[in-house]
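Structure data follow from work.pdb (PDB, C-alpha atoms and all ligand atoms):
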```pdb
ATOM      1  CA  MET A   1      76.890 -43.988  78.036
ATOM      2  CA  THR A   2      80.094 -45.890  77.354
ATOM      3  CA  ASP A   3      83.472 -44.285  78.053
ATOM      4  CA  HIS A   4      84.130 -44.403  74.364
ATOM      5  CA  ALA A   5      81.017 -42.406  73.643
ATOM      6  CA  LYS A   6      81.929 -39.930  76.378
ATOM      7  CA  ASP A   7      85.366 -39.440  74.837
ATOM      8  CA  ALA A   8      83.957 -38.952  71.378
ATOM      9  CA  ARG A   9      81.539 -36.404  72.749
ATOM     10  CA  ALA A  10      84.188 -34.459  74.658
ATOM     11  CA  GLN A  11      86.499 -34.366  71.672
ATOM     12  CA  ASP A  12      84.197 -32.917  69.110
ATOM     13  CA  ALA A  13      82.838 -30.256  71.496
ATOM     14  CA  PRO A  14      79.362 -30.656  70.126
ATOM     15  CA  THR A  15      77.439 -27.813  68.635
ATOM     16  CA  ASP A  16      73.701 -27.969  68.878
ATOM     17  CA  ALA A  17      73.453 -29.002  65.247
ATOM     18  CA  ALA A  18      75.916 -31.818  65.799
ATOM     19  CA  ALA A  19      73.928 -32.927  68.829
ATOM     20  CA  LEU A  20      70.810 -33.027  66.714
ATOM     21  CA  ALA A  21      72.458 -35.172  64.109
ATOM     22  CA  ARG A  22      73.260 -37.614  66.898
ATOM     23  CA  LEU A  23      69.694 -37.944  68.094
ATOM     24  CA  PRO A  24      69.009 -41.638  68.089
ATOM     25  CA  ARG A  25      67.575 -43.070  64.931
ATOM     26  CA  ARG A  26      64.350 -44.926  65.111
ATOM     27  CA  PRO A  27      64.734 -48.657  64.709
ATOM     28  CA  GLU A  28      62.822 -48.678  61.408
ATOM     29  CA  GLU A  29      65.010 -45.984  59.882
ATOM     30  CA  PRO A  30      67.484 -47.069  57.227
ATOM     31  CA  ALA A  31      71.064 -46.979  58.445
ATOM     32  CA  ALA A  32      72.524 -44.619  55.875
ATOM     33  CA  PRO A  33      70.985 -41.133  56.003
ATOM     34  CA  VAL A  34      71.550 -39.299  59.285
ATOM     35  CA  GLN A  35      68.810 -36.926  58.231
ATOM     36  CA  SER A  36      65.284 -36.890  59.322
ATOM     37  CA  THR A  37      62.132 -38.923  59.612
ATOM     38  CA  ALA A  38      60.065 -35.820  58.977
ATOM     39  CA  HIS A  39      56.979 -36.173  56.861
ATOM     40  CA  THR A  40      54.950 -33.983  54.588
ATOM     41  CA  VAL A  41      51.659 -32.820  56.072
ATOM     42  CA  ARG A  42      48.787 -32.208  53.685
ATOM     43  CA  LEU A  43      45.536 -30.489  54.570
ATOM     44  CA  LYS A  44      42.657 -31.341  52.260
ATOM     45  CA  ALA A  45      39.424 -29.356  52.384
ATOM     46  CA  LEU A  46      39.982 -28.677  56.061
ATOM     47  CA  ASN A  47      37.112 -26.950  57.822
ATOM     48  CA  ALA A  48      36.915 -26.139  61.516
ATOM     49  CA  PHE A  49      33.982 -24.921  63.566
ATOM     50  CA  TYR A  50      33.218 -23.690  67.076
ATOM     51  CA  GLY A  51      29.486 -24.341  67.239
ATOM     52  CA  ASP A  52      28.152 -22.156  64.420
ATOM     53  CA  THR A  53      31.391 -20.181  63.973
ATOM     54  CA  HIS A  54      33.161 -21.365  60.832
ATOM     55  CA  ALA A  55      36.787 -20.608  61.780
ATOM     56  CA  VAL A  56      38.709 -22.481  59.041
ATOM     57  CA  LYS A  57      37.156 -22.609  55.590
ATOM     58  CA  GLY A  58      38.097 -25.268  53.097
ATOM     59  CA  VAL A  59      41.873 -25.022  53.406
ATOM     60  CA  ASP A  60      44.097 -27.074  51.097
ATOM     61  CA  LEU A  61      47.739 -26.739  52.056
ATOM     62  CA  THR A  62      50.902 -28.832  51.907
ATOM     63  CA  TYR A  63      53.665 -28.492  54.482
ATOM     64  CA  ALA A  64      56.843 -29.849  52.946
ATOM     65  CA  ALA A  65      59.022 -32.165  55.021
ATOM     66  CA  ASN A  66      62.104 -30.522  56.556
ATOM     67  CA  GLN A  67      60.876 -27.065  55.750
ATOM     68  CA  VAL A  68      59.609 -24.254  57.916
ATOM     69  CA  THR A  69      56.205 -22.925  56.922
ATOM     70  CA  ALA A  70      54.986 -19.681  58.498
ATOM     71  CA  MET A  71      51.280 -18.984  58.978
ATOM     72  CA  ILE A  72      50.480 -15.279  58.920
ATOM     73  CA  GLY A  73      47.313 -13.211  58.905
ATOM     74  CA  PRO A  74      45.369 -10.795  61.081
ATOM     75  CA  SER A  75      44.262 -11.727  64.568
ATOM     76  CA  GLY A  76      41.212 -13.989  64.508
ATOM     77  CA  CYS A  77      41.768 -15.255  60.946
ATOM     78  CA  GLY A  78      42.032 -18.872  62.117
ATOM     79  CA  LYS A  79      45.780 -19.562  62.328
ATOM     80  CA  SER A  80      45.688 -21.121  65.798
ATOM     81  CA  THR A  81      42.563 -23.095  65.026
ATOM     82  CA  LEU A  82      44.141 -24.463  61.859
ATOM     83  CA  VAL A  83      47.339 -25.626  63.556
ATOM     84  CA  ARG A  84      45.353 -27.167  66.409
ATOM     85  CA  CYS A  85      43.481 -29.218  63.817
ATOM     86  CA  ILE A  86      46.785 -30.714  62.690
ATOM     87  CA  ASN A  87      47.377 -32.524  65.977
ATOM     88  CA  ARG A  88      43.671 -32.922  66.719
ATOM     89  CA  MET A  89      43.659 -30.564  69.681
ATOM     90  CA  HIS A  90      40.882 -28.472  68.158
ATOM     91  CA  GLU A  91      38.261 -31.110  68.900
ATOM     92  CA  GLU A  92      39.052 -30.912  72.641
ATOM     93  CA  VAL A  93      37.198 -27.580  72.807
ATOM     94  CA  PRO A  94      33.568 -28.279  73.779
ATOM     95  CA  GLY A  95      31.323 -27.783  70.739
ATOM     96  CA  ALA A  96      34.256 -27.664  68.321
ATOM     97  CA  ARG A  97      34.627 -29.946  65.315
ATOM     98  CA  ALA A  98      36.746 -30.359  62.203
ATOM     99  CA  GLU A  99      36.019 -31.776  58.753
ATOM    100  CA  GLY A 100      38.330 -32.766  55.947
ATOM    101  CA  GLU A 101      41.632 -34.592  55.899
ATOM    102  CA  VAL A 102      44.993 -34.076  57.545
ATOM    103  CA  LEU A 103      47.474 -36.437  55.927
ATOM    104  CA  LEU A 104      50.767 -37.206  57.623
ATOM    105  CA  GLY A 105      52.640 -38.945  54.859
ATOM    106  CA  GLU A 106      49.866 -41.251  53.636
ATOM    107  CA  THR A 107      47.977 -41.525  56.924
ATOM    108  CA  ASP A 108      44.782 -39.539  57.452
ATOM    109  CA  LEU A 109      44.989 -38.402  61.058
ATOM    110  CA  TYR A 110      41.200 -38.101  61.087
ATOM    111  CA  GLY A 111      40.772 -41.631  59.757
ATOM    112  CA  ALA A 112      39.077 -44.441  61.649
ATOM    113  CA  GLY A 113      41.192 -46.178  64.242
ATOM    114  CA  VAL A 114      43.804 -43.443  64.569
ATOM    115  CA  ASP A 115      45.111 -43.271  68.113
ATOM    116  CA  LEU A 116      45.004 -39.733  69.521
ATOM    117  CA  THR A 117      47.932 -40.237  71.868
ATOM    118  CA  SER A 118      50.173 -41.280  69.042
ATOM    119  CA  VAL A 119      48.990 -38.344  66.907
ATOM    120  CA  ARG A 120      50.039 -35.934  69.646
ATOM    121  CA  ARG A 121      53.367 -37.703  70.100
ATOM    122  CA  THR A 122      54.063 -37.607  66.380
ATOM    123  CA  ILE A 123      52.985 -33.984  66.043
ATOM    124  CA  GLY A 124      54.456 -31.946  68.881
ATOM    125  CA  MET A 125      53.299 -28.504  69.832
ATOM    126  CA  VAL A 126      54.976 -25.469  71.383
ATOM    127  CA  PHE A 127      52.743 -22.702  72.661
ATOM    128  CA  GLN A 128      52.912 -18.925  72.906
ATOM    129  CA  LYS A 129      53.565 -18.839  76.621
ATOM    130  CA  PRO A 130      56.291 -21.230  77.767
ATOM    131  CA  ASN A 131      54.490 -23.840  79.853
ATOM    132  CA  PRO A 132      56.968 -26.086  81.678
ATOM    133  CA  PHE A 133      55.281 -28.510  84.070
ATOM    134  CA  PRO A 134      55.248 -26.261  87.156
ATOM    135  CA  THR A 135      56.168 -28.779  89.829
ATOM    136  CA  MET A 136      58.876 -30.552  87.838
ATOM    137  CA  SER A 137      62.627 -30.165  87.598
ATOM    138  CA  ILE A 138      64.357 -29.321  84.332
ATOM    139  CA  PHE A 139      65.252 -32.989  83.932
ATOM    140  CA  ASP A 140      61.752 -34.253  84.654
ATOM    141  CA  ASN A 141      60.153 -31.755  82.289
ATOM    142  CA  VAL A 142      62.050 -33.380  79.441
ATOM    143  CA  ALA A 143      61.804 -36.912  80.822
ATOM    144  CA  ALA A 144      58.038 -36.819  81.403
ATOM    145  CA  GLY A 145      57.010 -37.608  77.839
ATOM    146  CA  LEU A 146      59.789 -40.155  77.493
ATOM    147  CA  ARG A 147      58.571 -42.005  80.579
ATOM    148  CA  LEU A 148      55.022 -42.031  79.236
ATOM    149  CA  SER A 149      56.181 -43.410  75.910
ATOM    150  CA  GLY A 150      58.003 -46.223  77.670
ATOM    151  CA  THR A 151      61.657 -45.166  77.452
ATOM    152  CA  LYS A 152      63.688 -47.479  79.669
ATOM    153  CA  ARG A 153      64.956 -45.927  82.887
ATOM    154  CA  GLY A 154      68.561 -46.571  81.976
ATOM    155  CA  ASP A 155      68.167 -44.678  78.700
ATOM    156  CA  LEU A 156      66.476 -41.628  80.182
ATOM    157  CA  LYS A 157      69.547 -39.625  81.126
ATOM    158  CA  GLU A 158      71.052 -39.883  77.697
ATOM    159  CA  ARG A 159      67.796 -39.066  75.937
ATOM    160  CA  VAL A 160      67.206 -36.022  78.131
ATOM    161  CA  GLU A 161      70.713 -34.782  77.355
ATOM    162  CA  TRP A 162      70.158 -35.296  73.645
ATOM    163  CA  ALA A 163      66.925 -33.347  73.720
ATOM    164  CA  LEU A 164      68.413 -30.505  75.767
ATOM    165  CA  ARG A 165      71.369 -30.306  73.393
ATOM    166  CA  GLY A 166      69.011 -30.342  70.439
ATOM    167  CA  ALA A 167      67.096 -27.455  71.978
ATOM    168  CA  GLY A 168      70.320 -25.506  72.538
ATOM    169  CA  LEU A 169      69.862 -25.507  76.304
ATOM    170  CA  TRP A 170      72.234 -28.171  77.608
ATOM    171  CA  GLU A 171      75.228 -25.964  78.324
ATOM    172  CA  GLU A 172      73.086 -23.552  80.328
ATOM    173  CA  VAL A 173      71.371 -26.162  82.511
ATOM    174  CA  LYS A 174      73.645 -29.204  82.727
ATOM    175  CA  ASP A 175      74.738 -28.305  86.267
ATOM    176  CA  ARG A 176      71.245 -27.727  87.597
ATOM    177  CA  LEU A 177      69.067 -30.403  86.049
ATOM    178  CA  GLY A 178      67.325 -30.916  89.395
ATOM    179  CA  SER A 179      66.178 -27.294  89.686
ATOM    180  CA  PRO A 180      62.605 -26.340  88.853
ATOM    181  CA  GLY A 181      61.924 -25.728  85.155
ATOM    182  CA  VAL A 182      59.927 -22.644  86.031
ATOM    183  CA  GLY A 183      63.053 -21.069  87.552
ATOM    184  CA  LEU A 184      64.561 -20.550  84.108
ATOM    185  CA  SER A 185      64.269 -17.323  82.104
ATOM    186  CA  GLY A 186      61.417 -17.041  79.626
ATOM    187  CA  GLY A 187      63.611 -17.851  76.647
ATOM    188  CA  GLN A 188      65.172 -20.804  78.450
ATOM    189  CA  GLN A 189      61.732 -22.056  79.446
ATOM    190  CA  GLN A 190      60.657 -21.952  75.827
ATOM    191  CA  ARG A 191      63.748 -23.940  74.809
ATOM    192  CA  LEU A 192      62.921 -26.365  77.639
ATOM    193  CA  CYS A 193      59.459 -26.792  76.114
ATOM    194  CA  ILE A 194      61.099 -27.398  72.748
ATOM    195  CA  ALA A 195      63.392 -29.991  74.372
ATOM    196  CA  ARG A 196      60.345 -31.670  75.912
ATOM    197  CA  THR A 197      58.705 -31.713  72.482
ATOM    198  CA  ILE A 198      61.653 -33.120  70.536
ATOM    199  CA  ALA A 199      62.542 -35.671  73.249
ATOM    200  CA  VAL A 200      59.835 -38.045  72.041
ATOM    201  CA  GLU A 201      60.988 -37.612  68.428
ATOM    202  CA  PRO A 202      57.951 -36.214  66.692
ATOM    203  CA  ASP A 203      57.797 -35.884  62.903
ATOM    204  CA  VAL A 204      56.235 -32.458  62.965
ATOM    205  CA  ILE A 205      56.507 -29.509  65.359
ATOM    206  CA  LEU A 206      53.731 -26.940  65.514
ATOM    207  CA  MET A 207      54.662 -23.603  67.072
ATOM    208  CA  ASP A 208      51.953 -21.058  67.812
ATOM    209  CA  GLU A 209      53.617 -17.649  68.214
ATOM    210  CA  PRO A 210      56.476 -19.226  70.188
ATOM    211  CA  CYS A 211      58.387 -15.973  70.592
ATOM    212  CA  SER A 212      55.671 -13.464  71.315
ATOM    213  CA  ALA A 213      56.340 -13.581  75.077
ATOM    214  CA  LEU A 214      60.128 -13.323  74.628
ATOM    215  CA  ASP A 215      62.646 -10.502  74.400
ATOM    216  CA  PRO A 216      64.519  -9.913  71.099
ATOM    217  CA  ILE A 217      67.659 -11.826  72.121
ATOM    218  CA  ALA A 218      65.703 -14.865  73.285
ATOM    219  CA  THR A 219      63.644 -14.593  70.100
ATOM    220  CA  LEU A 220      66.734 -14.722  67.882
ATOM    221  CA  ARG A 221      67.988 -17.734  69.825
ATOM    222  CA  ILE A 222      64.727 -19.584  69.139
ATOM    223  CA  GLU A 223      64.838 -18.568  65.472
ATOM    224  CA  GLU A 224      68.350 -20.018  65.119
ATOM    225  CA  LEU A 225      67.113 -23.140  66.793
ATOM    226  CA  ILE A 226      64.175 -23.457  64.394
ATOM    227  CA  HIS A 227      66.665 -23.290  61.560
ATOM    228  CA  GLU A 228      68.599 -26.228  63.038
ATOM    229  CA  LEU A 229      65.502 -28.223  63.922
ATOM    230  CA  LYS A 230      64.223 -28.288  60.362
ATOM    231  CA  GLN A 231      67.039 -30.657  59.467
ATOM    232  CA  ARG A 232      65.092 -33.204  61.390
ATOM    233  CA  PHE A 233      61.505 -32.064  61.679
ATOM    234  CA  THR A 234      58.751 -30.502  59.611
ATOM    235  CA  ILE A 235      57.933 -27.173  61.240
ATOM    236  CA  VAL A 236      54.813 -25.018  61.160
ATOM    237  CA  ILE A 237      55.103 -21.663  62.893
ATOM    238  CA  VAL A 238      52.319 -19.169  63.487
ATOM    239  CA  THR A 239      53.713 -15.674  63.777
ATOM    240  CA  HIS A 240      52.418 -12.131  63.692
ATOM    241  CA  ASN A 241      55.958 -10.897  63.220
ATOM    242  CA  MET A 242      56.644 -10.363  59.512
ATOM    243  CA  GLN A 243      60.407 -10.113  60.037
ATOM    244  CA  GLN A 244      60.331 -13.410  61.848
ATOM    245  CA  ALA A 245      58.493 -15.089  58.995
ATOM    246  CA  ALA A 246      61.017 -13.610  56.575
ATOM    247  CA  ARG A 247      63.929 -14.842  58.705
ATOM    248  CA  VAL A 248      62.849 -18.390  59.488
ATOM    249  CA  ALA A 249      60.328 -19.617  56.952
ATOM    250  CA  ASP A 250      60.962 -21.336  53.624
ATOM    251  CA  THR A 251      57.362 -20.783  52.615
ATOM    252  CA  THR A 252      54.653 -18.565  54.046
ATOM    253  CA  ALA A 253      50.887 -19.003  54.023
ATOM    254  CA  PHE A 254      48.605 -15.993  54.356
ATOM    255  CA  MET A 255      45.153 -16.498  55.877
ATOM    256  CA  LEU A 256      42.231 -14.111  55.991
ATOM    257  CA  ALA A 257      38.844 -14.690  57.644
ATOM    258  CA  GLY A 258      39.338 -18.462  57.836
ATOM    259  CA  GLU A 259      40.486 -18.866  54.248
ATOM    260  CA  LEU A 260      43.916 -19.534  52.848
ATOM    261  CA  VAL A 261      44.632 -16.645  50.490
ATOM    262  CA  GLU A 262      47.972 -17.886  49.216
ATOM    263  CA  HIS A 263      50.984 -20.031  50.072
ATOM    264  CA  ALA A 264      54.306 -19.449  48.331
ATOM    265  CA  PRO A 265      58.043 -19.154  48.926
ATOM    266  CA  THR A 266      58.480 -16.589  51.686
ATOM    267  CA  GLU A 267      60.413 -14.171  49.526
ATOM    268  CA  ARG A 268      57.617 -14.085  47.007
ATOM    269  CA  ILE A 269      54.955 -13.488  49.651
ATOM    270  CA  PHE A 270      56.895 -10.462  50.863
ATOM    271  CA  THR A 271      58.021  -9.022  47.545
ATOM    272  CA  ASN A 272      55.666 -10.109  44.812
ATOM    273  CA  PRO A 273      52.550 -11.887  46.101
ATOM    274  CA  ASP A 274      49.820 -13.032  43.720
ATOM    275  CA  ASP A 275      46.934 -11.611  45.694
ATOM    276  CA  ASP A 276      46.339  -7.916  46.435
ATOM    277  CA  ARG A 277      45.119  -8.758  49.931
ATOM    278  CA  THR A 278      48.451 -10.423  50.722
ATOM    279  CA  GLU A 279      50.287  -7.363  49.475
ATOM    280  CA  GLN A 280      48.140  -5.073  51.610
ATOM    281  CA  TYR A 281      48.714  -7.186  54.689
ATOM    282  CA  VAL A 282      52.478  -7.615  54.363
ATOM    283  CA  THR A 283      52.930  -3.904  53.671
ATOM    284  CA  GLY A 284      50.978  -3.060  56.816
ATOM    285  CA  LYS A 285      47.900  -1.600  55.159
ATOM    286  CA  PHE A 286      45.593  -3.679  57.380
ATOM    287  CA  GLY A 287      45.637  -6.221  60.173
TER
HETATM  288  N1  LIG B   1      37.604 -21.539  72.012
HETATM  289  C1  LIG B   1      36.916 -20.845  71.098
HETATM  290  N2  LIG B   1      35.572 -20.815  71.133
HETATM  291  C2  LIG B   1      34.868 -20.128  70.201
HETATM  292  N3  LIG B   1      35.408 -19.452  69.194
HETATM  293  C3  LIG B   1      36.746 -19.447  69.100
HETATM  294  C4  LIG B   1      37.566 -20.134  70.040
HETATM  295  N4  LIG B   1      38.859 -19.946  69.699
HETATM  296  C5  LIG B   1      38.844 -19.178  68.592
HETATM  297  N5  LIG B   1      37.567 -18.876  68.235
HETATM  298  C6  LIG B   1      37.165 -18.066  67.063
HETATM  299  O1  LIG B   1      37.687 -18.660  65.898
HETATM  300  C7  LIG B   1      38.182 -17.670  65.003
HETATM  301  C8  LIG B   1      39.653 -17.947  64.719
HETATM  302  O2  LIG B   1      40.395 -17.761  65.917
HETATM  303  P1  LIG B   1      41.927 -18.161  66.034
HETATM  304  O3  LIG B   1      42.138 -19.468  65.373
HETATM  305  O4  LIG B   1      42.298 -18.039  67.459
HETATM  306  O5  LIG B   1      42.623 -17.007  65.165
HETATM  307  P2  LIG B   1      44.139 -16.499  65.139
HETATM  308  O6  LIG B   1      44.991 -17.537  65.781
HETATM  309  O7  LIG B   1      44.432 -16.288  63.697
HETATM  310  O8  LIG B   1      44.157 -15.202  65.903
HETATM  311  C9  LIG B   1      37.911 -16.333  65.664
HETATM  312  O9  LIG B   1      36.698 -15.838  65.160
HETATM  313  C10 LIG B   1      37.795 -16.689  67.116
HETATM  314  O10 LIG B   1      36.963 -15.773  67.784
HETATM  315 MG    MG B   2      46.298 -17.410  67.454
END
```

Just dump the structure as structure tokens.
Amino acid sequence: MTDHAKDARAQDAPTDAAALARLPRRPEEPAAPVQSTAHTVRLKALNAFYGDTHAVKGVDLTYAANQVTAMIGPSGCGKSTLVRCINRMHEEVPGARAEGEVLLGETDLYGAGVDLTSVRRTIGMVFQKPNPFPTMSIFDNVAAGLRLSGTKRGDLKERVEWALRGAGLWEEVKDRLGSPGVGLSGGQQQRLCIARTIAVEPDVILMDEPCSALDPIATLRIEELIHELKQRFTIVIVTHNMQQAARVADTTAFMLAGELVEHAPTERIFTNPDDDRTEQYVTGKFG
């Protein structure tokens, strides 16, 4: 970092949102908008199977760019399977397969010649249980993906700082970057995993119940963060917490037994859904 950049940074005492806006642009991005490179994700007739179990049934769904979409529905209805189809993790399960299309912008991620590594880099994922790399320091947890994707050594420090700022963790860890990632609290570990995910600049972030192992304070911190991250990324969050969906999601999709029942602005899902089954679920009558 140049001295000039250091000065600028010290002066404007960066908030997390400001840090996000400063994430480096990709070379192909136009110079003007600071905003995002996020893309729309469209599922077309998506089906997913585990052997004979038909876990996702003909789902058509559009995730708007720079919005947060919540996936809700009773346990076992296929939420996790569906999101794992989006970054092609589902097919890693022996005997599992998917059919249909997942379009990122105009690209079918299931099309011929699509490189799996780049799919997973472009579509990041955060899991229920924070899973920092156990033997790695805080710094290396964030740097790992950057190293793999060929970030130059000299650029690493700055990129790691950017990602940690973007994940709202920098101030808490800047003096102990060499300590083990697993030494952090649960909420900090989850933000570390988010930093690791955003470091490689994905377009889309999938989160599968990212707060269900966290206490309420840590949960609120992650929810605030999700709100900031959508400026830059398209976000899909699986949650069983109705209040969380209501707090963070622009739109909410309700699934039941592998099918998409409805997808609408979150407020409508919770106050005036089209389908009786949605109403029963959000008012706690089943699930
Ligand atoms: N690894 C697996 N092998 C076989 N069946 C699975 C596997 N994972 C999930 N399933 C089945 O797929 C269906 C959907 O599960 P899942 O996507 O985990 O639902 P949710 O995330 O909504 O709780 C369930 O019937 C579940 O038992
Ligand atoms: Mg699940």

For ligand MG 2 (chain B), list the contacting residues at 10 Å or closer, counting all atoms listed in the file, as a PyMOL selection string. chain A and resi 71-84+127-128+208-209+238-240

If we count all atoms listed in the file, what is near region 179-188 of chain A at a cut-off of 6 Å, once residues fewer than 3 positions away on the same chain are taken out, given as an mmCIF file with C-alpha atoms, in the frame of the given file?
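And here's result_33.cif as it stands now:
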```cif
data_model
loop_
_atom_site.group_PDB
_atom_site.id
_atom_site.type_symbol
_atom_site.label_atom_id
_atom_site.label_comp_id
_atom_site.auth_asym_id
_atom_site.auth_seq_id
_atom_site.Cartn_x
_atom_site.Cartn_y
_atom_site.Cartn_z
ATOM 1 C CA MET A 136 58.876 -30.552 87.838
ATOM 2 C CA SER A 137 62.627 -30.165 87.598
ATOM 3 C CA ILE A 138 64.357 -29.321 84.332
ATOM 4 C CA ARG A 176 71.245 -27.727 87.597
ATOM 5 C CA ARG A 191 63.748 -23.940 74.809
ATOM 6 C CA ALA A 218 65.703 -14.865 73.285
#
```

Could you list, as an MDAnalysis selection string, every residue matched by the PyMOL selection byres (((chain A and resi 245) around 10) and not hetatm) in this structure? chainID A and resid 68:72 223 237:244 246:253 266:267 270

How big is the axis-aligned box, and where does its centre sit, when it encloses all atoms of ligand LIG 1 (chain B) listed in the file and has 5 Å added on every side, reported in Å to one decimal as JSON?
```
{"center_x": 39.9, "center_y": -18.4, "center_z": 67.9, "size_x": 20.1, "size_y": 16.3, "size_z": 18.3}
```

Evaluate the PyMOL selection byres (((chain A and resi 61) around 8) and not hetatm) on the structure here and hand back the selected residues as a PyMOL selection string. chain A and resi 42-44+59-60+62-63+263

On this structure, which residues satisfy the PyMOL selection byres (((chain A and resi 203) around 8) and not hetatm), written as a ChimeraX atom specification? /A:37-39,122-124,201-202,204-205,232-234

Rounded to one decimal in Å, what is the spacing between atom O5 of ligand LIG 1 (chain B) and CA of Leu206 (chain A)?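 Calculated distance between atom O5 of ligand LIG 1 (chain B) and CA of Leu206 (chain A) is 14.9 Å.
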
What's the separation between CA of Leu177 (chain A) and CA of Phe139 (chain A), in Å to one decimal place?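 These two atoms are separated by 5.1 Å.
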
Export region 91-107 of chain A, N, CA and C atoms, as an mmCIF file, in the first residue's frame; it's the structure right above.
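Written output follows (decode_17.cif):
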```cif
data_model
loop_
_atom_site.group_PDB
_atom_site.id
_atom_site.type_symbol
_atom_site.label_atom_id
_atom_site.label_comp_id
_atom_site.auth_asym_id
_atom_site.auth_seq_id
_atom_site.Cartn_x
_atom_site.Cartn_y
_atom_site.Cartn_z
ATOM 1 N N GLU A 91 -23.596 -32.692 -6.889
ATOM 2 C CA GLU A 91 -23.147 -33.873 -7.639
ATOM 3 C C GLU A 91 -21.937 -34.568 -7.013
ATOM 4 N N GLU A 92 -21.336 -33.940 -5.978
ATOM 5 C CA GLU A 92 -20.202 -34.578 -5.297
ATOM 6 C C GLU A 92 -20.666 -35.738 -4.406
ATOM 7 N N VAL A 93 -21.943 -35.743 -4.045
ATOM 8 C CA VAL A 93 -22.463 -36.839 -3.214
ATOM 9 C C VAL A 93 -22.582 -38.079 -4.105
ATOM 10 N N PRO A 94 -21.992 -39.213 -3.669
ATOM 11 C CA PRO A 94 -22.085 -40.419 -4.499
ATOM 12 C C PRO A 94 -23.543 -40.767 -4.793
ATOM 13 N N GLY A 95 -23.855 -41.036 -6.045
ATOM 14 C CA GLY A 95 -25.219 -41.410 -6.428
ATOM 15 C C GLY A 95 -26.140 -40.229 -6.663
ATOM 16 N N ALA A 96 -25.651 -39.014 -6.406
ATOM 17 C CA ALA A 96 -26.520 -37.840 -6.577
ATOM 18 C C ALA A 96 -26.383 -37.279 -7.991
ATOM 19 N N ARG A 97 -27.490 -36.710 -8.502
ATOM 20 C CA ARG A 97 -27.403 -36.032 -9.793
ATOM 21 C C ARG A 97 -28.420 -34.910 -9.875
ATOM 22 N N ALA A 98 -28.178 -33.986 -10.786
ATOM 23 C CA ALA A 98 -29.100 -32.867 -10.995
ATOM 24 C C ALA A 98 -29.447 -32.781 -12.466
ATOM 25 N N GLU A 99 -30.648 -32.274 -12.745
ATOM 26 C CA GLU A 99 -31.080 -32.029 -14.127
ATOM 27 C C GLU A 99 -31.664 -30.635 -14.205
ATOM 28 N N GLY A 100 -31.608 -30.056 -15.381
ATOM 29 C CA GLY A 100 -32.156 -28.715 -15.562
ATOM 30 C C GLY A 100 -31.030 -27.718 -15.781
ATOM 31 N N GLU A 101 -31.376 -26.441 -15.648
ATOM 32 C CA GLU A 101 -30.385 -25.400 -15.906
ATOM 33 C C GLU A 101 -30.218 -24.508 -14.689
ATOM 34 N N VAL A 102 -28.978 -24.084 -14.474
ATOM 35 C CA VAL A 102 -28.689 -23.017 -13.515
ATOM 36 C C VAL A 102 -27.932 -21.958 -14.301
ATOM 37 N N LEU A 103 -28.598 -20.837 -14.544
ATOM 38 C CA LEU A 103 -27.992 -19.787 -15.364
ATOM 39 C C LEU A 103 -27.425 -18.697 -14.473
ATOM 40 N N LEU A 104 -26.134 -18.429 -14.649
ATOM 41 C CA LEU A 104 -25.505 -17.292 -13.983
ATOM 42 C C LEU A 104 -25.342 -16.237 -15.063
ATOM 43 N N GLY A 105 -26.124 -15.158 -14.971
ATOM 44 C CA GLY A 105 -26.198 -14.281 -16.136
ATOM 45 C C GLY A 105 -26.708 -15.123 -17.292
ATOM 46 N N GLU A 106 -25.935 -15.229 -18.358
ATOM 47 C CA GLU A 106 -26.372 -16.015 -19.523
ATOM 48 C C GLU A 106 -25.727 -17.393 -19.576
ATOM 49 N N THR A 107 -24.839 -17.683 -18.624
ATOM 50 C CA THR A 107 -24.080 -18.932 -18.695
ATOM 51 C C THR A 107 -24.774 -20.055 -17.941
#
```
